[in-house]
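> Questions regarding the structure given below will be posed in turn.
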Amino acid sequence: MRQRTIGLETPDGAMPLYEAVPENPRGAVIVFQEAYGVNAYIEDVCGRLAGEGYHAVAPHLFHRTGGGVVSYGDMGKAIEMIGTLSDDGMLADADAAIAHLGAAGFAMPRIGTVGFCMGGRTTFLVCARRAIGAGVGFYGGGIVTSHFPQLPSLAGEAPTMKAPWLGLFGDKDPSIPVADVERLRDVLHDSPFDAEVVRYPDAGHGFHSDQRDSYVPEAAADGWQRCLAWFARHLR
């Protein structure tokens, strides 16, 4: 496996991109960060995907404001950094990652995306606007109820989705009410593509990250297996 950080050009300048590349990859996955940047956890997720045979890349979405990572204990800084993002900017970053993977030989239907926290919302955005192979969002907030003025609700885009999408949520997540999760399930019935929503009664926000106190091993393991099965099903 080859692991490195490279630079990609975007309309707003150079963007670091972490990648983990296995021998003879069977597909590609863009990993969208939490509110804390492309840290050791996100790099580890890329490594896990590479271990499953995927060329995994993680764009540094905070590159417009200096990049870097935020510690898990600094929620105020994380919120400040999210406040610097926009949907247009994140789509531009996604497009740069897609182009990079295209140059590596992957057509759009062979490219998936997985994201966590704010990155979970980003996977929905990309699947709503780009005809990639599939997306998976772990506890993506702000999809139904906007959390930031510049990041509006995306639920109204369900009828025009351009790719299959799987959403994984914890019932104990105070930032994403169960009512919002069920509303999302309802609107996704109108998606022209395969769409599913899964809830974990004993999990809260951040349940997949084994580097956080919110880690729930059972939910994390089940969610990861569902993620891999989703990609195996759709990235062909």
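Residues in the structure tokens are numbered from 1 in each chain, the chains being A, B, ... in the order shown, and ligands are numbered from 1 in the order shown.
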Show which residues sit within 8 Å of Val136 in chain A, as a PyMOL selection string. Count only C-alpha atoms, and ignore same-chain residues fewer than 2 positions away.
chain A and resi 113-115+120+123-124+134+138+165-168+227+230
> Please provide as JSON, numbers by chain all residues within 9 Å of Ala14 in chain A, with the sequence filter that same-chain residues fewer than 5 positions apart are discarded (counting only C-alpha atoms).
{"A": [7, 8, 9, 63, 64]}
> Which residues in range 55-90 of chain A does DSSP call helix (DSSP H, G or I)? List them as a ChimeraX atom specification.
/A:61-65,75-82,87-90
> Let me see the file: selected residues, C-alpha atoms, as a compact mmCIF listing (two decimals), in the first residue's frame.

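Here's the written file result-v1.txt:
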```
# COMPACT_ATOMS: atom_id res chain seq x y z
CA LEU A 61 -11.58 20.78 3.03
CA PHE A 62 -10.14 23.48 5.29
CA HIS A 63 -7.43 24.40 2.78
CA ARG A 64 -8.95 27.81 2.02
CA THR A 65 -8.33 28.98 5.58
CA MET A 75 -15.44 22.19 19.58
CA GLY A 76 -15.41 25.98 19.30
CA LYS A 77 -12.60 25.92 16.75
CA ALA A 78 -14.30 23.09 14.85
CA ILE A 79 -17.51 25.12 14.57
CA GLU A 80 -15.49 28.13 13.44
CA MET A 81 -13.85 26.08 10.70
CA ILE A 82 -17.15 24.64 9.47
CA ASP A 87 -21.38 23.89 -0.77
CA ASP A 88 -19.82 25.33 -3.91
CA GLY A 89 -16.36 25.07 -2.37
CA MET A 90 -16.84 21.49 -1.20
```
> Enumerate the residues of chain A with a DSSP assignment of strand (DSSP E or B), computed from the backbone, and present them as a ChimeraX atom specification.
/A:2-10,13-21,27-32,34,37,54-59,111-116,134-138,148,151,165-170,195-200
> Quick check, in Å to one decimal: how far apart do CA of Ala155 in chain A and CA of Ile143 in chain A lie?
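That distance, rounded to one decimal, is 5.9 Å.
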> Of the residues A:Val216, A:Gln150, A:Asp173, A:Ala158, which is the one nearest to Asp186 in chain A, using only C-alpha atoms?
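Of A:Val216, A:Gln150, A:Asp173, A:Ala158, the one nearest Asp186 in chain A, counting only C-alpha atoms, is A:Ala158.
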> So the first atom is CA of Leu188 in chain A and the second is CA of Leu85 in chain A; what is the distance between them in Å, to one decimal place?
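Computing the Euclidean distance for CA of Leu188 in chain A and CA of Leu85 in chain A yields 25.2 Å.
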> Using only C-alpha atoms for the distances, tell me which of A:Ile98, A:Ala128, A:Cys46, A:Ala56 is nearest to Pro25 in chain A.
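Among A:Ile98, A:Ala128, A:Cys46, A:Ala56, it is A:Ala56 that comes nearest to Pro25 in chain A.
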> How many Å lie between CA of Ala35 in chain A and CA of Ala219 in chain A, rounded to one decimal?
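CA of Ala35 in chain A sits 20.5 Å away from CA of Ala219 in chain A.
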